[in-house]
>>> print(open('target.csv').read())   # CSV, C-alpha atoms
chain,number,residue,atom,x,y,z
A,283,MET,CA,42.3,11.7,156.0
A,284,GLY,CA,43.9,12.1,152.6
A,285,LYS,CA,46.4,14.9,151.9
A,286,VAL,CA,46.3,17.0,148.8
A,287,ALA,CA,49.0,19.6,147.8
A,288,ILE,CA,47.7,22.2,145.4
A,289,ILE,CA,50.3,24.2,143.4
A,290,LEU,CA,49.3,27.7,142.5
A,291,THR,CA,51.3,30.0,140.1
A,292,GLN,CA,50.8,33.5,138.9
A,293,GLY,CA,47.8,33.6,136.6
A,294,PHE,CA,46.3,30.4,138.1
A,295,ALA,CA,42.9,29.3,136.8
A,296,ASP,CA,40.3,30.1,139.5
A,297,TRP,CA,37.9,27.3,138.6
A,298,GLU,CA,40.3,24.4,138.5
A,299,TYR,CA,41.3,24.1,142.2
A,300,ALA,CA,38.1,25.4,143.8
A,301,LEU,CA,36.2,22.2,144.0
A,302,ILE,CA,39.1,20.3,145.5
A,303,ALA,CA,39.7,22.9,148.2
A,304,GLY,CA,36.1,24.0,148.7
A,305,THR,CA,34.6,20.5,149.1
A,306,GLY,CA,37.6,18.3,149.9
A,307,GLY,CA,38.3,19.8,153.3
A,308,PRO,CA,35.0,21.0,154.6
A,309,PHE,CA,32.8,18.1,153.3
A,310,TYR,CA,35.1,15.2,153.0
A,311,GLY,CA,37.7,15.7,155.7
A,312,LEU,CA,40.7,16.0,153.4
A,313,ASP,CA,43.8,18.0,154.4
A,314,VAL,CA,44.2,20.4,151.5
A,315,GLN,CA,47.2,22.8,151.5
A,316,PHE,CA,48.5,25.3,149.0
A,317,PHE,CA,52.1,25.7,147.7
A,318,ALA,CA,53.7,28.1,145.2
A,319,PRO,CA,57.1,28.4,143.4
A,320,GLU,CA,57.4,31.8,145.1
A,321,THR,CA,55.7,32.4,148.4
A,322,GLY,CA,53.6,35.5,148.9
A,323,GLU,CA,50.9,37.0,146.8
A,324,VAL,CA,49.7,34.9,143.8
A,325,ARG,CA,47.1,36.5,141.5
A,326,SER,CA,44.6,34.3,139.7
A,327,GLN,CA,43.3,34.9,136.1
A,328,GLY,CA,40.1,36.4,137.6
A,329,GLY,CA,42.1,38.8,139.8
A,330,LEU,CA,41.8,37.0,143.2
A,331,VAL,CA,44.9,37.6,145.3
A,332,ALA,CA,45.9,34.6,147.4
A,333,VAL,CA,48.7,34.6,149.9
A,334,VAL,CA,50.6,31.3,149.7
A,335,SER,CA,53.1,30.8,152.5
A,336,GLN,CA,54.5,27.3,151.7
A,337,PRO,CA,57.2,26.9,149.1
A,338,LEU,CA,57.4,23.9,146.7
A,339,ASP,CA,60.2,22.3,148.6
A,340,GLU,CA,57.9,21.7,151.6
A,341,ILE,CA,55.6,19.4,149.5
A,342,ILE,CA,57.8,16.3,149.7
A,343,LYS,CA,58.4,16.9,153.4
A,344,TRP,CA,54.7,17.1,154.0
A,345,SER,CA,54.2,13.8,152.1
A,346,PRO,CA,50.8,14.3,150.4
A,347,ASP,CA,48.8,11.6,148.8
A,348,ALA,CA,48.4,13.8,145.7
A,349,VAL,CA,50.1,16.8,144.1
A,350,VAL,CA,47.7,18.8,141.9
A,351,VAL,CA,49.1,21.2,139.3
A,352,VAL,CA,46.5,23.9,138.6
A,353,GLY,CA,46.5,25.4,135.1
A,354,GLY,CA,47.0,29.0,134.3
A,355,THR,CA,48.7,31.3,131.9
A,356,ILE,CA,52.2,30.7,133.1
A,357,TRP,CA,52.5,27.1,132.0
A,358,ALA,CA,52.7,27.9,128.3
A,359,SER,CA,55.1,30.8,128.8
A,360,GLU,CA,58.9,31.0,129.3
A,361,ASP,CA,58.2,31.9,132.9
A,362,ALA,CA,56.9,28.4,133.8
A,363,PRO,CA,58.6,27.0,136.8
A,364,ASP,CA,60.5,23.7,136.4
A,365,ILE,CA,58.8,21.4,138.8
A,366,SER,CA,59.8,18.2,137.0
A,367,ASN,CA,61.9,16.8,139.9
A,368,LEU,CA,59.1,17.4,142.4
A,369,LEU,CA,56.6,15.7,140.2
A,370,GLN,CA,58.9,12.7,139.5
A,371,ASP,CA,59.7,12.3,143.2
A,372,GLN,CA,56.0,12.4,144.1
A,373,HIS,CA,55.2,9.8,141.5
A,374,SER,CA,58.2,7.5,142.1
A,375,GLY,CA,57.4,7.6,145.8
A,376,GLY,CA,54.0,6.1,145.2
A,377,GLY,CA,51.9,9.3,145.2
A,378,VAL,CA,49.4,10.7,142.7
A,379,VAL,CA,50.3,13.5,140.3
A,380,ALA,CA,47.5,15.4,138.7
A,381,GLY,CA,47.4,18.2,136.2
A,382,ILE,CA,44.6,20.1,134.7
A,383,CYS,CA,44.6,22.6,131.8
A,384,GLY,CA,48.1,24.2,131.5
A,385,GLY,CA,49.1,22.1,134.5
A,386,THR,CA,49.3,19.1,132.1
A,387,LEU,CA,52.4,20.8,130.5
A,388,ALA,CA,54.3,20.5,133.8
A,389,LEU,CA,53.5,16.7,133.8
A,390,ALA,CA,54.6,16.5,130.2
A,391,ARG,CA,57.8,18.3,130.8
A,392,ALA,CA,58.5,15.9,133.7
A,393,LYS,CA,58.1,13.1,131.2
A,394,LEU,CA,55.3,11.6,133.2
A,395,LEU,CA,53.0,11.5,130.2
A,396,ASN,CA,55.4,9.7,127.8
A,397,ASP,CA,54.2,6.2,128.7
A,398,THR,CA,50.8,6.6,130.2
A,399,LEU,CA,47.3,7.4,129.0
A,400,HIS,CA,46.6,11.1,129.3
A,401,THR,CA,44.7,14.1,128.0
A,402,SER,CA,44.9,17.9,127.9
A,403,HIS,CA,43.3,20.6,125.8
A,404,ASN,CA,44.6,18.9,122.6
A,405,LEU,CA,47.7,17.1,121.4
A,406,ASP,CA,49.1,20.2,119.7
A,407,PHE,CA,49.0,22.1,123.0
A,408,LEU,CA,51.3,19.5,124.5
A,409,VAL,CA,53.6,19.1,121.5
A,410,GLU,CA,54.0,22.9,121.0
A,411,ASN,CA,54.5,23.8,124.7
A,412,ALA,CA,56.2,20.9,126.5
A,413,LYS,CA,59.8,20.3,125.4
A,414,GLY,CA,60.7,16.7,125.8
A,415,TYR,CA,57.1,15.5,125.5
A,416,ALA,CA,57.1,12.1,123.6
A,417,GLY,CA,53.7,10.7,124.6
A,418,ALA,CA,51.6,11.4,121.6
A,419,GLU,CA,50.7,7.7,121.1
A,420,HIS,CA,49.2,7.7,124.6
A,421,PHE,CA,47.1,10.9,124.2
A,422,SER,CA,43.4,10.6,124.5
A,423,LYS,CA,41.1,13.3,123.1
A,424,SER,CA,38.9,13.3,126.1
A,425,SER,CA,36.6,16.0,127.4
A,426,SER,CA,36.9,14.6,130.9
A,427,ALA,CA,39.7,13.5,133.2
A,428,VAL,CA,41.9,10.6,132.3
A,429,SER,CA,43.5,8.6,135.1
A,430,GLU,CA,46.1,5.9,134.8
A,431,ASN,CA,49.1,4.7,136.8
A,432,ARG,CA,48.5,7.4,139.6
A,433,ILE,CA,48.6,10.2,136.9
A,434,ILE,CA,45.5,12.3,136.4
A,435,THR,CA,45.1,14.7,133.5
A,436,ALA,CA,42.2,16.9,132.3
A,437,PRO,CA,41.4,19.7,130.0
A,438,GLY,CA,40.4,23.0,131.8
A,439,THR,CA,36.8,22.4,130.9
A,440,ALA,CA,36.6,19.4,133.2
A,441,PRO,CA,37.1,20.6,136.8
A,442,VAL,CA,34.3,18.5,138.3
A,443,ASN,CA,35.5,15.2,136.7
A,444,PHE,CA,39.1,16.1,137.6
A,445,THR,CA,38.2,16.7,141.2
A,446,ALA,CA,36.3,13.4,141.4
A,447,ALA,CA,39.3,11.6,139.9
A,448,VAL,CA,41.6,13.2,142.5
A,449,PHE,CA,39.3,12.3,145.3
A,450,GLU,CA,39.0,8.7,144.1
A,451,SER,CA,42.7,8.3,143.6
A,452,ILE,CA,43.5,9.2,147.2
A,453,GLY,CA,41.0,6.7,148.5
A,454,LEU,CA,37.9,8.8,149.3
A,455,ASP,CA,35.0,6.5,149.8
A,456,GLN,CA,33.2,5.6,146.6
A,457,SER,CA,29.9,6.7,148.0
A,458,ALA,CA,31.3,10.1,148.7
A,459,VAL,CA,32.8,10.4,145.2
A,460,LEU,CA,29.4,9.4,143.7
A,461,GLN,CA,27.6,12.0,146.0
A,462,PHE,CA,30.1,14.7,144.8
A,463,LYS,CA,29.5,13.9,141.1
A,464,GLN,CA,25.7,13.7,141.6
A,465,MET,CA,25.6,17.0,143.5
A,466,LEU,CA,27.5,18.9,140.8
A,467,ALA,CA,25.7,17.3,137.9
A,468,ALA,CA,22.2,18.1,139.4
A,469,GLU,CA,21.9,21.4,137.5
A,470,HIS,CA,22.4,19.6,134.2
A,471,ALA,CA,19.9,16.9,134.8
>>> encode(input="target.csv", output="structure tokens")
Amino acid sequence: MGKVAIILTQGFADWEYALIAGTGGPFYGLDVQFFAPETGEVRSQGGLVAVVSQPLDEIIKWSPDAVVVVGGTIWASEDAPDISNLLQDQHSGGGVVAGICGGTLALARAKLLNDTLHTSHNLDFLVENAKGYAGAEHFSKSSSAVSENRIITAPGTAPVNFTAAVFESIGLDQSAVLQFKQMLAAEHA
């Protein structure tokens, strides 16, 4: 069973973690747990109040296969938590690091995007909001998730593809990943 740590912050994007948590555990047997920079109540963009009891320093002890940074309003603000060391430790320890939407800023600040193929909303978003970002030559203007070297990035408009990339990266059976993609693409067929 794969282990996925999801990081939620104040103003997290409701749609970006839901498919990982909502299908990963119940349908695919993954162990999905939530962590926050400050434990307690965390309010989403849509007004959902979640109570997160695990602080970020518990992530490395838990030893997940993937750490997922959910986007939200905080990442482009001065209130963004610095999780660079956590993300660097996860990646250097052989784990997957994934960021969607504003969560890609946390990966950029951790310098994980400087030498690997990646995406986000657009290049200007990273340049303007992530001090120390030097990966412009590796930026891909992609409308779906980009995965390379155990790093997954996606714009906020690609939660299905992002979830599938996370599932695939932690070793979920290919037939299950395909089933997931087909199930969620069915309404567009």
>>> residues_near_point(input="target.csv", point="(41.7, 32.2, 145.8)", cutoff="10 Å", atoms="only C-alpha atoms", output="ChimeraX atom specification")
/A:290,294-297,299-300,303,324-326,328-334
>>> residues_around(input="target.csv", residues="segment 386-391 of chain A", least_positions_apart="4", cutoff="9 Å", atoms="all atoms listed in the file", output="PyMOL selection string")
chain A and resi 351-353+357-358+362-366+369-370+379-382+395-396+400-403+407-408+411-417+433-437
>>> atom_distance(input="target.csv", atom1="atom CA of Pro319 of chain A", atom2="atom CA of Ile289 of chain A")
8.0 Å
>>> atom_distance(input="target.csv", atom1="atom CA of Glu323 of chain A", atom2="atom CA of Gly293 of chain A")
11.2 Å
>>> atom_distance(input="target.csv", atom1="atom CA of Ser374 of chain A", atom2="atom CA of Gly453 of chain A")
18.4 Å
>>> closest_residue(input="target.csv", among="A:Ala348, A:Ala287, A:Leu368, A:Leu338", to="Ile452 of chain A", atoms="all atoms listed in the file")
A:Ala348
>>> closest_residue(input="target.csv", among="A:Gln464, A:Ser457, A:Asn404, A:Thr398", to="Arg432 of chain A", atoms="all atoms listed in the file")
A:Thr398
>>> closest_residue(input="target.csv", among="A:Ser359, A:Gln315, A:Ser345, A:Gln461", to="Gly377 of chain A", atoms="all atoms listed in the file")
A:Ser345
